[in-house]
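S.K.: First, the structure itself, so that you have it in front of you.
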Amino acid sequence: MSFAREASRAIRSSIVLWVIAAVIYPFLMIAIGQFVFPNQANGSLIRDSRGQVLGSALIGQPFTSDRYFNSRPSTTTYSTANPNKDDNLVLQTGVSGASNLAPSNPQLIERIKKEDLNRLQTSAIQPTADLVYTSGSSLDPHITPQAARAQVSRIAKVRGLPPQQLETLITQNTNGRFLGIFGEPGVNVLRLNLALDGLQPA
C-alpha cells in the first residue's frame, strides 16, 4: 500500500513538473518575448517601406556588386548555395560554420589570393581582415567600420555620390560595443546598403 502511494506521488510530481517545464514555461517565455521584445522574438527581420521582408539583422547576405558595400567572405555563401547543385562544395560544412583552416594553411592562403585579393585589388580596395577572412559562423551580418570605409571610393564612383556623404552614412550605421565594453564596433551590411539606396546622386 505504501509503495503504491509513493509511486502515485512520484507519477503526479513528474506530470506536474513536466507541465511546468515543457508547457507553461515555454509558452510564458514566448508570451513575454512577443510582448517585451517582439522584433527580436520574430527573428529581427528587416523590412522595406512596403513591409516586405528583406532579411534578418542577425544573418548576413552575399553582397558583391560594386554598387553596394560588400559583405565579408563566407565558406557557405551565407547558406544561399543550392544543396542539390553545390559544385564548389560551399555547403560541405553545413548551413553554417567556418572553414577551420589555420592562418598558415596553404589552402586558406591560396583561396585568399585567388578570390578575395584579386577582387579587392580590381576594385582598388585596401584589404582588411574581415574582407579576406570568413567569420566563425560564415553568417556574420557585420563588417568593421574600417572595411566599410575601404569601399567608399568604389561606391562613390559607381553611384556618383560624394565620399563624405558615404563616410557620414557609415558613421550613422555603426553599432558601438555592447554595453560600451563588449565586442568591437560593427556595421550591419544589409542596413547600410538599404540606407545607401536611399541616398540621391549629387
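Every chain in the C-alpha cells has a letter given in the order shown (A, B, ...), and although residue numbers restart at 1 in each chain, ligands are simply numbered from 1 in the order shown.
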Write out as a list in words the residues lying within 12 Å of Val53 in chain A, counting only C-alpha atoms and excluding same-chain residues fewer than 5 positions away.

M.R.: Asn42, Gly43, Ser44, Leu45, Ile46, Arg47, Asp48 and Leu190 of chain A

S.K.: Hey, can you spit out that residue selection with all heavy atoms as a short mmCIF file (atom, residue, chain, number, x, y, z; two decimals), in the first residue's frame?

M.R.:
data_model
loop_
_atom_site.label_atom_id
_atom_site.label_comp_id
_atom_site.auth_asym_id
_atom_site.auth_seq_id
_atom_site.Cartn_x
_atom_site.Cartn_y
_atom_site.Cartn_z
N ASN A 42 10.81 37.56 -33.18
CA ASN A 42 10.36 37.14 -34.51
C ASN A 42 11.48 37.15 -35.54
O ASN A 42 11.23 37.17 -36.74
CB ASN A 42 9.20 38.01 -34.97
CG ASN A 42 7.93 37.75 -34.18
OD1 ASN A 42 7.34 36.68 -34.28
ND2 ASN A 42 7.54 38.70 -33.35
N GLY A 43 12.74 37.13 -35.08
CA GLY A 43 13.86 36.98 -35.99
C GLY A 43 14.59 38.24 -36.38
O GLY A 43 15.42 38.23 -37.28
N SER A 44 14.29 39.38 -35.74
CA SER A 44 14.95 40.65 -36.06
C SER A 44 14.88 40.93 -37.56
O SER A 44 15.90 41.23 -38.20
CB SER A 44 16.40 40.65 -35.57
OG SER A 44 16.47 40.50 -34.18
N LEU A 45 13.69 40.80 -38.12
CA LEU A 45 13.52 40.94 -39.56
C LEU A 45 13.64 42.40 -39.99
O LEU A 45 13.20 43.31 -39.30
CB LEU A 45 12.15 40.39 -39.98
CG LEU A 45 11.90 38.91 -39.66
CD1 LEU A 45 10.50 38.50 -40.09
CD2 LEU A 45 12.94 38.03 -40.36
N ILE A 46 14.23 42.61 -41.15
CA ILE A 46 14.36 43.94 -41.74
C ILE A 46 13.40 44.02 -42.93
O ILE A 46 13.42 43.16 -43.81
CB ILE A 46 15.80 44.20 -42.20
CG1 ILE A 46 16.75 44.17 -41.00
CG2 ILE A 46 15.90 45.55 -42.92
CD1 ILE A 46 18.21 44.33 -41.36
N ARG A 47 12.56 45.03 -42.94
CA ARG A 47 11.55 45.18 -44.00
C ARG A 47 11.77 46.48 -44.77
O ARG A 47 12.36 47.43 -44.25
CB ARG A 47 10.14 45.18 -43.40
CG ARG A 47 9.83 43.93 -42.57
CD ARG A 47 8.48 44.04 -41.89
NE ARG A 47 8.23 42.90 -41.00
CZ ARG A 47 7.65 41.78 -41.39
NH1 ARG A 47 7.24 41.64 -42.65
NH2 ARG A 47 7.47 40.78 -40.53
N ASP A 48 11.29 46.50 -46.01
CA ASP A 48 11.36 47.73 -46.79
C ASP A 48 10.16 48.60 -46.49
O ASP A 48 9.34 48.29 -45.61
CB ASP A 48 11.47 47.42 -48.29
CG ASP A 48 10.26 46.65 -48.82
OD1 ASP A 48 9.22 46.60 -48.12
OD2 ASP A 48 10.34 46.12 -49.94
N LEU A 190 23.47 44.82 -44.47
CA LEU A 190 22.15 44.96 -45.07
C LEU A 190 21.54 46.32 -44.73
O LEU A 190 21.03 47.02 -45.61
CB LEU A 190 21.23 43.83 -44.60
CG LEU A 190 19.78 43.90 -45.08
CD1 LEU A 190 19.70 43.95 -46.60
CD2 LEU A 190 18.97 42.72 -44.54
#

S.K.: Can you measure CA of Thr144 in chain A to CA of Phe37 in chain A for me? One decimal in Å is fine.

M.R.: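 These two atoms are separated by 26.5 Å.
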
S.K.: Fewer than 4 positions away in the same chain doesn't count, so skip those; otherwise give me all residues within 8 Å of range 182-189 of chain A, counting only C-alpha atoms, as a short mmCIF file (atom, residue, chain, number, x, y, z; two decimals) with N, CA and C atoms, in the first residue's frame.

M.R.:
data_model
loop_
_atom_site.label_atom_id
_atom_site.label_comp_id
_atom_site.auth_asym_id
_atom_site.auth_seq_id
_atom_site.Cartn_x
_atom_site.Cartn_y
_atom_site.Cartn_z
N ALA A 57 18.48 41.02 -39.39
CA ALA A 57 19.65 41.77 -38.91
C ALA A 57 20.69 40.84 -38.30
N GLY A 60 23.82 37.38 -42.29
CA GLY A 60 24.37 38.14 -43.40
C GLY A 60 23.84 37.69 -44.75
N PHE A 69 28.06 48.09 -50.53
CA PHE A 69 29.10 47.67 -49.60
C PHE A 69 29.09 46.15 -49.58
N ASN A 70 30.25 45.56 -49.83
CA ASN A 70 30.33 44.10 -49.90
C ASN A 70 30.42 43.48 -48.52
N SER A 71 29.87 42.29 -48.39
CA SER A 71 29.94 41.53 -47.16
C SER A 71 31.31 40.88 -47.05
N PRO A 141 26.57 39.18 -40.15
CA PRO A 141 25.99 40.25 -40.95
C PRO A 141 26.77 41.56 -40.88
N HIS A 142 27.85 41.59 -40.09
CA HIS A 142 28.58 42.85 -39.88
C HIS A 142 29.97 42.83 -40.53
N ILE A 143 30.42 44.03 -40.85
CA ILE A 143 31.82 44.27 -41.17
C ILE A 143 32.29 45.41 -40.27
N THR A 144 33.58 45.61 -40.17
CA THR A 144 34.09 46.70 -39.35
C THR A 144 33.90 48.03 -40.07
N PRO A 145 33.85 49.13 -39.33
CA PRO A 145 33.78 50.44 -39.98
C PRO A 145 34.96 50.66 -40.93
N ALA A 148 34.18 49.01 -44.20
CA ALA A 148 33.18 49.79 -44.93
C ALA A 148 33.84 51.02 -45.58
N ILE A 170 28.19 55.69 -43.06
CA ILE A 170 28.83 54.62 -42.30
C ILE A 170 28.80 54.93 -40.80
N ASN A 173 25.46 54.36 -39.26
CA ASN A 173 25.04 52.96 -39.20
C ASN A 173 26.04 52.07 -38.46
N THR A 174 26.93 52.67 -37.70
CA THR A 174 27.90 51.90 -36.92
C THR A 174 27.35 51.61 -35.53
N ASN A 175 27.35 50.33 -35.18
CA ASN A 175 26.92 49.92 -33.83
C ASN A 175 28.13 49.91 -32.91
N GLY A 176 27.99 50.50 -31.75
CA GLY A 176 29.10 50.53 -30.79
C GLY A 176 29.24 49.22 -30.05
N ARG A 177 30.17 49.17 -29.11
CA ARG A 177 30.36 47.98 -28.29
C ARG A 177 29.14 47.73 -27.41
N PHE A 178 28.81 46.47 -27.20
CA PHE A 178 27.69 46.11 -26.34
C PHE A 178 27.98 46.55 -24.92
N ASN A 193 23.37 49.06 -46.67
CA ASN A 193 23.03 49.11 -48.10
C ASN A 193 21.62 49.63 -48.34
#

S.K.: Extract, using only C-alpha atoms, all DNA, RNA and protein residues at most 12 Å from Arg111 in chain A, discarding same-chain residues fewer than 2 positions from it, and format them as a CSV table (one decimal) with C-alpha atoms, in the first residue's frame.

M.R.:
chain,number,residue,atom,x,y,z
A,73,PRO,CA,33.6,36.2,-47.4
A,74,SER,CA,31.6,33.2,-46.4
A,75,THR,CA,32.5,29.5,-46.6
A,99,SER,CA,36.4,26.6,-42.9
A,101,LEU,CA,41.7,26.4,-41.9
A,103,PRO,CA,46.2,31.1,-41.0
A,105,ASN,CA,47.2,26.6,-44.1
A,106,PRO,CA,48.2,26.8,-47.8
A,107,GLN,CA,44.6,26.2,-48.9
A,108,LEU,CA,43.5,29.3,-47.0
A,109,ILE,CA,46.3,31.4,-48.4
A,113,LYS,CA,45.0,35.2,-53.1
A,114,LYS,CA,42.8,33.6,-55.8
A,115,GLU,CA,39.4,35.0,-54.8
A,116,ASP,CA,39.4,37.8,-52.3
A,117,LEU,CA,42.6,39.7,-53.0
A,118,ASN,CA,42.0,39.7,-56.8
A,119,ARG,CA,38.5,41.0,-56.3
A,132,VAL,CA,39.5,38.4,-46.6
A,133,TYR,CA,38.7,36.1,-43.7
A,134,THR,CA,35.4,34.4,-43.0

S.K.: Please identify the alpha helix (DSSP H) residues within range 11-202 of chain A (assignment by DSSP from backbone atoms) and present them as a ChimeraX atom specification.

M.R.: /A:11-19,25-36,38-41,106-111,118-122,129-132,145-149,152-159,163-172,189-197

S.K.: Okay, now the selection with C-alpha atoms, as a PDB file, in the first residue's frame?

M.R.:
ATOM      1  CA  ILE A  11       3.955   9.960 -11.101  1.00  0.00           C
ATOM      2  CA  ARG A  12       1.874  13.011 -10.158  1.00  0.00           C
ATOM      3  CA  SER A  13       5.018  15.008  -9.346  1.00  0.00           C
ATOM      4  CA  SER A  14       6.565  14.062 -12.694  1.00  0.00           C
ATOM      5  CA  ILE A  15       3.425  15.119 -14.565  1.00  0.00           C
ATOM      6  CA  VAL A  16       3.230  18.432 -12.708  1.00  0.00           C
ATOM      7  CA  LEU A  17       6.917  19.169 -13.331  1.00  0.00           C
ATOM      8  CA  TRP A  18       6.552  18.190 -16.994  1.00  0.00           C
ATOM      9  CA  VAL A  19       3.588  20.556 -17.421  1.00  0.00           C
ATOM     10  CA  TYR A  25       7.419  27.852 -19.033  1.00  0.00           C
ATOM     11  CA  PRO A  26       7.976  27.784 -22.835  1.00  0.00           C
ATOM     12  CA  PHE A  27       4.628  29.460 -23.556  1.00  0.00           C
ATOM     13  CA  LEU A  28       5.300  32.029 -20.829  1.00  0.00           C
ATOM     14  CA  MET A  29       8.670  32.844 -22.398  1.00  0.00           C
ATOM     15  CA  ILE A  30       7.056  33.127 -25.849  1.00  0.00           C
ATOM     16  CA  ALA A  31       4.418  35.485 -24.475  1.00  0.00           C
ATOM     17  CA  ILE A  32       6.993  37.640 -22.673  1.00  0.00           C
ATOM     18  CA  GLY A  33       9.201  37.717 -25.782  1.00  0.00           C
ATOM     19  CA  GLN A  34       6.318  38.764 -28.018  1.00  0.00           C
ATOM     20  CA  PHE A  35       5.246  41.467 -25.564  1.00  0.00           C
ATOM     21  CA  VAL A  36       8.617  42.865 -24.471  1.00  0.00           C
ATOM     22  CA  PRO A  38       8.572  41.455 -30.436  1.00  0.00           C
ATOM     23  CA  ASN A  39      11.156  42.286 -33.112  1.00  0.00           C
ATOM     24  CA  GLN A  40      13.880  40.058 -31.645  1.00  0.00           C
ATOM     25  CA  ALA A  41      11.436  37.242 -30.864  1.00  0.00           C
ATOM     26  CA  PRO A 106      48.229  26.771 -47.815  1.00  0.00           C
ATOM     27  CA  GLN A 107      44.608  26.218 -48.858  1.00  0.00           C
ATOM     28  CA  LEU A 108      43.473  29.323 -46.980  1.00  0.00           C
ATOM     29  CA  ILE A 109      46.308  31.409 -48.392  1.00  0.00           C
ATOM     30  CA  GLU A 110      45.534  30.171 -51.910  1.00  0.00           C
ATOM     31  CA  ARG A 111      41.825  30.973 -51.540  1.00  0.00           C
ATOM     32  CA  ASN A 118      42.031  39.683 -56.752  1.00  0.00           C
ATOM     33  CA  ARG A 119      38.518  41.033 -56.263  1.00  0.00           C
ATOM     34  CA  LEU A 120      39.667  43.712 -53.830  1.00  0.00           C
ATOM     35  CA  GLN A 121      42.643  44.769 -55.929  1.00  0.00           C
ATOM     36  CA  THR A 122      40.456  45.022 -59.030  1.00  0.00           C
ATOM     37  CA  ALA A 129      40.957  41.267 -42.106  1.00  0.00           C
ATOM     38  CA  ASP A 130      37.194  40.925 -42.344  1.00  0.00           C
ATOM     39  CA  LEU A 131      37.232  41.409 -46.114  1.00  0.00           C
ATOM     40  CA  VAL A 132      39.514  38.401 -46.629  1.00  0.00           C
ATOM     41  CA  PRO A 145      33.785  50.438 -39.982  1.00  0.00           C
ATOM     42  CA  GLN A 146      37.306  50.245 -41.474  1.00  0.00           C
ATOM     43  CA  ALA A 147      36.150  47.619 -44.004  1.00  0.00           C
ATOM     44  CA  ALA A 148      33.184  49.793 -44.934  1.00  0.00           C
ATOM     45  CA  ARG A 149      35.354  52.908 -45.376  1.00  0.00           C
ATOM     46  CA  VAL A 152      33.865  54.252 -50.141  1.00  0.00           C
ATOM     47  CA  SER A 153      35.856  55.289 -53.209  1.00  0.00           C
ATOM     48  CA  ARG A 154      34.457  52.481 -55.356  1.00  0.00           C
ATOM     49  CA  ILE A 155      30.845  53.099 -54.388  1.00  0.00           C
ATOM     50  CA  ALA A 156      31.175  56.872 -54.673  1.00  0.00           C
ATOM     51  CA  LYS A 157      32.494  56.490 -58.229  1.00  0.00           C
ATOM     52  CA  VAL A 158      29.835  53.999 -59.337  1.00  0.00           C
ATOM     53  CA  ARG A 159      26.906  55.873 -57.796  1.00  0.00           C
ATOM     54  CA  PRO A 163      32.698  60.274 -50.499  1.00  0.00           C
ATOM     55  CA  GLN A 164      31.959  62.428 -47.444  1.00  0.00           C
ATOM     56  CA  GLN A 165      28.283  61.521 -47.736  1.00  0.00           C
ATOM     57  CA  LEU A 166      29.176  57.843 -47.620  1.00  0.00           C
ATOM     58  CA  GLU A 167      31.502  58.380 -44.673  1.00  0.00           C
ATOM     59  CA  THR A 168      28.632  60.023 -42.789  1.00  0.00           C
ATOM     60  CA  LEU A 169      26.347  57.129 -43.713  1.00  0.00           C
ATOM     61  CA  ILE A 170      28.833  54.625 -42.296  1.00  0.00           C
ATOM     62  CA  THR A 171      29.108  56.579 -39.044  1.00  0.00           C
ATOM     63  CA  GLN A 172      25.312  56.729 -38.730  1.00  0.00           C
ATOM     64  CA  VAL A 189      25.826  45.418 -44.190  1.00  0.00           C
ATOM     65  CA  LEU A 190      22.149  44.959 -45.071  1.00  0.00           C
ATOM     66  CA  ARG A 191      21.056  48.016 -43.071  1.00  0.00           C
ATOM     67  CA  LEU A 192      23.924  50.047 -44.517  1.00  0.00           C
ATOM     68  CA  ASN A 193      23.031  49.108 -48.097  1.00  0.00           C
ATOM     69  CA  LEU A 194      19.368  49.909 -47.543  1.00  0.00           C
ATOM     70  CA  ALA A 195      20.389  53.340 -46.277  1.00  0.00           C
ATOM     71  CA  LEU A 196      22.710  53.641 -49.275  1.00  0.00           C
ATOM     72  CA  ASP A 197      19.812  53.065 -51.678  1.00  0.00           C
TER      73      ASP A 197
END
